[in-house]
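> Below is target08.tsv; it holds TSV, C-alpha atoms and all ligand atoms.
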```tsv
chain	number	residue	atom	x	y	z
A	733	MET	CA	51.99	-132.53	36.41
A	734	ASP	CA	50.93	-133.50	32.91
A	735	LYS	CA	51.82	-131.62	29.78
A	736	ALA	CA	49.07	-130.75	27.33
A	737	ILE	CA	48.27	-129.72	23.79
A	738	PHE	CA	45.37	-127.29	23.46
A	739	LEU	CA	43.93	-127.57	19.98
A	740	ASP	CA	41.79	-125.08	18.17
A	741	ARG	CA	38.96	-126.94	16.44
A	742	ASP	CA	38.08	-125.27	13.14
A	743	GLY	CA	40.93	-125.10	10.63
A	744	VAL	CA	43.11	-127.29	12.86
A	745	LEU	CA	41.13	-130.50	13.42
A	746	ILE	CA	38.08	-129.92	11.22
A	747	ASP	CA	38.49	-128.54	7.72
A	748	ASN	CA	36.51	-125.30	7.51
A	749	GLN	CA	37.05	-124.40	3.88
A	750	GLN	CA	33.51	-125.46	2.87
A	751	HIS	CA	31.67	-124.32	5.99
A	752	TYR	CA	32.82	-121.45	8.16
A	753	TYR	CA	30.43	-122.48	10.92
A	754	ILE	CA	30.40	-126.19	11.69
A	755	TRP	CA	27.67	-127.67	13.86
A	756	LYS	CA	26.38	-130.77	12.02
A	757	SER	CA	28.11	-134.09	11.58
A	758	ASP	CA	27.88	-133.96	7.78
A	759	GLN	CA	30.03	-130.80	7.91
A	760	MET	CA	32.70	-132.60	9.89
A	761	LYS	CA	35.56	-133.19	7.45
A	762	PHE	CA	38.89	-133.85	9.14
A	763	VAL	CA	42.09	-132.10	8.17
A	764	ASP	CA	44.65	-134.45	6.59
A	765	GLY	CA	46.83	-136.31	9.04
A	766	VAL	CA	44.88	-135.34	12.15
A	767	PHE	CA	44.53	-138.86	13.56
A	768	LYS	CA	48.16	-139.81	13.06
A	769	ASN	CA	49.35	-136.45	14.42
A	770	LEU	CA	47.26	-136.66	17.58
A	771	GLN	CA	48.35	-140.26	18.12
A	772	LEU	CA	51.98	-139.10	17.96
A	773	LEU	CA	51.36	-136.36	20.52
A	774	GLN	CA	49.58	-138.80	22.81
A	775	GLU	CA	52.35	-141.38	22.51
A	776	ASN	CA	54.75	-138.65	23.58
A	777	GLY	CA	52.89	-138.00	26.81
A	778	PHE	CA	50.68	-135.03	25.98
A	779	LEU	CA	47.07	-134.85	27.15
A	780	LEU	CA	44.81	-133.46	24.42
A	781	PHE	CA	42.24	-130.68	24.83
A	782	ILE	CA	40.12	-128.65	22.43
A	783	VAL	CA	39.36	-124.94	23.00
A	784	SER	CA	36.99	-123.42	20.48
A	785	ASN	CA	35.17	-120.15	19.86
A	786	GLN	CA	31.58	-120.90	18.83
A	787	GLY	CA	30.19	-117.43	18.26
A	788	GLY	CA	27.57	-118.93	15.94
A	789	ILE	CA	25.63	-119.81	19.10
A	790	SER	CA	25.40	-116.16	20.13
A	791	ARG	CA	24.44	-115.32	16.55
A	792	GLY	CA	21.56	-117.80	16.68
A	793	LEU	CA	22.91	-119.96	13.85
A	794	TYR	CA	22.90	-123.10	16.00
A	795	SER	CA	22.46	-124.07	19.62
A	796	LYS	CA	24.69	-125.10	22.47
A	797	GLU	CA	23.00	-128.53	22.27
A	798	ASP	CA	24.02	-128.83	18.59
A	799	ILE	CA	27.64	-128.24	19.60
A	800	LEU	CA	27.51	-130.64	22.54
A	801	LYS	CA	26.10	-133.33	20.24
A	802	LEU	CA	28.74	-132.68	17.58
A	803	HIS	CA	31.47	-132.80	20.21
A	804	ASP	CA	30.19	-136.16	21.46
A	805	GLU	CA	30.54	-137.46	17.90
A	806	LEU	CA	33.95	-135.87	17.61
A	807	ILE	CA	35.12	-137.58	20.80
A	808	GLN	CA	33.73	-140.95	19.62
A	809	THR	CA	35.45	-140.62	16.23
A	810	PHE	CA	38.76	-139.86	17.90
A	811	ARG	CA	38.25	-142.74	20.34
A	812	LYS	CA	37.78	-145.14	17.41
A	813	ASN	CA	41.19	-143.95	16.24
A	814	ASN	CA	42.73	-144.61	19.68
A	815	ILE	CA	42.83	-140.92	20.57
A	816	THR	CA	41.56	-139.60	23.88
A	817	ILE	CA	40.37	-136.00	24.00
A	818	THR	CA	40.45	-135.25	27.73
A	819	ASP	CA	38.10	-132.26	27.59
A	820	ILE	CA	36.57	-129.71	25.23
A	821	LEU	CA	35.73	-126.15	26.20
A	822	PHE	CA	33.94	-123.73	23.91
A	823	CYS	CA	32.86	-120.10	24.16
A	824	PRO	CA	29.24	-119.58	23.02
A	825	HIS	CA	29.53	-115.78	22.95
A	826	HIS	CA	30.28	-113.32	20.19
A	827	SER	CA	31.99	-109.99	20.65
A	828	ASP	CA	29.35	-108.32	18.43
A	829	ASN	CA	26.64	-109.25	20.95
A	830	GLU	CA	28.19	-109.40	24.41
A	831	LYS	CA	31.38	-109.16	26.36
A	832	CYS	CA	32.78	-112.31	27.88
A	833	LEU	CA	35.97	-113.54	29.46
A	834	CYS	CA	36.19	-116.84	27.58
A	835	ARG	CA	36.29	-116.01	23.87
A	836	LYS	CA	39.81	-116.25	22.46
A	837	PRO	CA	41.96	-114.04	22.45
A	838	GLU	CA	41.06	-114.25	26.14
A	839	PRO	CA	43.08	-117.00	27.83
A	840	LEU	CA	40.36	-118.15	30.26
A	841	MET	CA	39.48	-121.47	28.58
A	842	ILE	CA	43.14	-122.50	28.61
A	843	GLU	CA	43.62	-121.25	32.17
A	844	LYS	CA	40.59	-123.20	33.40
A	845	LEU	CA	41.91	-126.43	31.90
A	846	ILE	CA	45.40	-125.86	33.32
A	847	ALA	CA	43.86	-125.42	36.78
A	848	LYS	CA	41.34	-128.26	36.54
A	849	TYR	CA	43.81	-130.85	35.28
A	850	ASP	CA	46.87	-129.51	37.11
A	851	LEU	CA	48.80	-129.12	33.85
A	852	ASN	CA	52.34	-127.85	33.52
A	853	PRO	CA	52.23	-124.56	31.55
A	854	SER	CA	55.93	-124.62	30.74
A	855	GLU	CA	55.54	-127.89	28.80
A	856	SER	CA	52.13	-127.17	27.27
A	857	VAL	CA	51.32	-125.73	23.86
A	858	MET	CA	48.36	-124.15	22.08
A	859	VAL	CA	48.09	-125.16	18.41
A	860	GLY	CA	45.91	-122.82	16.38
A	861	ASP	CA	45.47	-121.19	13.00
A	862	SER	CA	44.65	-117.63	14.07
A	863	ASP	CA	46.10	-114.66	15.92
A	864	PRO	CA	43.47	-114.89	18.69
A	865	ASP	CA	44.65	-118.47	19.33
A	866	MET	CA	48.20	-117.19	19.76
A	867	GLN	CA	47.09	-114.28	21.97
A	868	ALA	CA	45.17	-116.70	24.18
A	869	ALA	CA	48.29	-118.85	24.50
A	870	ALA	CA	50.42	-115.84	25.43
A	871	GLY	CA	47.82	-114.69	27.95
A	872	ALA	CA	47.81	-118.11	29.59
A	873	GLY	CA	51.60	-118.15	29.70
A	874	ILE	CA	52.07	-121.06	27.33
A	875	ARG	CA	53.74	-121.50	23.98
A	876	GLY	CA	51.63	-120.97	20.86
A	877	ILE	CA	52.21	-122.60	17.50
A	878	LYS	CA	50.39	-121.08	14.57
A	879	ILE	CA	49.83	-123.54	11.77
A	880	THR	CA	48.50	-123.00	8.26
A	881	ALA	CA	44.73	-123.53	8.31
A	882	ASN	CA	43.43	-126.84	6.97
A	883	GLN	CA	46.85	-128.32	6.28
A	884	ASN	CA	48.55	-131.37	7.70
A	885	MET	CA	50.38	-130.17	10.82
A	886	LEU	CA	52.88	-133.03	10.89
A	887	PRO	CA	56.01	-130.82	10.55
A	888	TYR	CA	55.01	-128.89	13.69
A	889	ILE	CA	54.20	-132.09	15.54
A	890	LEU	CA	57.58	-133.62	14.71
A	891	GLU	CA	59.29	-130.51	16.02
A	892	LEU	CA	57.28	-130.74	19.26
A	893	ILE	CA	58.10	-134.36	20.00
A	894	GLN	CA	61.74	-134.52	18.95
A	901	MG	MG	40.56	-121.84	13.81
A	902	ZN	ZN	32.66	-116.44	25.99
```
How does the structure come out when it is put into structure tokens?


Amino acid sequence: MDKAIFLDRDGVLIDNQQHYYIWKSDQMKFVDGVFKNLQLLQENGFLLFIVSNQGGISRGLYSKEDILKLHDELIQTFRKNNITITDILFCPHHSDNEKCLCRKPEPLMIEKLIAKYDLNPSESVMVGDSDPDMQAAAGAGIRGIKITANQNMLPYILELIQ
């Protein structure tokens, strides 16, 4: 069984100080240290996943296709930096418009990935910048680490791999 890091996208990988909703490549500014930090996690045996709420789709601000395209670019950019993102799941719903089982704080996206990739929950961690990220981790029975949004997460990474 592999161990995994589940990463929130906005505020953790992509800086969201300029744009709250991010769906175009010119909005994709990476948080400091992201490449080095993910390389360290990977070198220490973690598979990397992204789980992201994209309620802007439900709100009609952008489409599912926009997000799929952006995520292709995201995966390519990481690949160029020798980082493999194994899978990305996103919730296209918004609690203002509909009920769903996937939007964090629900744990379903994490649970699906644990099942699909036969991951070990006791060694896996959700890294996020919000309470819903931490609630999703708790619901899925894994550890949650809440980082400060848009800041280099190296101190947390060092603690995880020591
Ligand atoms: Mg976030
Ligand atoms: Zn959903």

> Compute the set of protein, DNA and RNA residues whose minimum atom distance to ligand MG 901 (chain A) is at most 7 Å, using all atoms listed in the file, and state it as a list in words.

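Based on all atoms listed in the file, ligand MG 901 (chain A) is surrounded within 7 Å by Asp740, Arg741, Asp742, Gly743, Val744, Gly860, Asp861 and Ser862 of chain A.
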
> Rounded to one decimal in Å, what is the spacing between CA of Arg835 in chain A and CA of Leu806 in chain A?

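Interatomic distance here is 21.0 Å.
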
> Find the residues near Leu745 in chain A: any atom within 8 Å, counting all atoms listed in the file, skip ones fewer than 4 places away on the same chain, and give them as a ChimeraX atom specification.

/A:739-741,762-763,766,882

> Give me, please, the distance in Å between CA of Ser854 in chain A and CA of Pro824 in chain A, quoted to one decimal.

28.2 Å

> Let me have all residues with an atom within 12 Å of ligand ZN 902 (chain A), counting all atoms listed in the file, laid out as JSON, numbers by chain.

{"A": [783, 784, 785, 786, 787, 788, 789, 790, 821, 822, 823, 824, 825, 826, 827, 828, 829, 830, 831, 832, 833, 834, 835, 836, 837, 838, 839, 840, 841]}

> Find the residues around Phe778 in chain A up to 6 Å (all atoms listed in the file counted), leave out those fewer than 4 positions away in its own chain, and share them as a VMD selection string.

chain A and resid 735 to 736 773 to 774

> Using Å and a single decimal, report how far CA of Pro853 in chain A sits from CA of Ala868 in chain A.

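Between these atoms lies a distance of 12.9 Å.
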
> If we count all atoms listed in the file and set the cut-off at 10 Å, which residues sit around Leu802 in chain A, ignoring sequence neighbours fewer than 5 positions away in its own chain? Please answer as a list of chain:residue names.

A:Ile754, A:Trp755, A:Lys756, A:Ser757, A:Asp758, A:Gln759, A:Met760, A:Lys796, A:Glu797, A:Ile807, A:Gln808

> Residues of the last selection are to be written out with C-alpha atoms, as a short mmCIF file (atom, residue, chain, number, x, y, z; two decimals), in the coordinates of the input.


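Listed below is the output, selection04.cif:
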```
data_model
loop_
_atom_site.label_atom_id
_atom_site.label_comp_id
_atom_site.auth_asym_id
_atom_site.auth_seq_id
_atom_site.Cartn_x
_atom_site.Cartn_y
_atom_site.Cartn_z
CA ILE A 754 30.40 -126.19 11.69
CA TRP A 755 27.67 -127.67 13.86
CA LYS A 756 26.38 -130.77 12.02
CA SER A 757 28.11 -134.09 11.58
CA ASP A 758 27.88 -133.96 7.78
CA GLN A 759 30.03 -130.80 7.91
CA MET A 760 32.70 -132.60 9.89
CA LYS A 796 24.69 -125.10 22.47
CA GLU A 797 23.00 -128.53 22.27
CA ILE A 807 35.12 -137.58 20.80
CA GLN A 808 33.73 -140.95 19.62
#
```
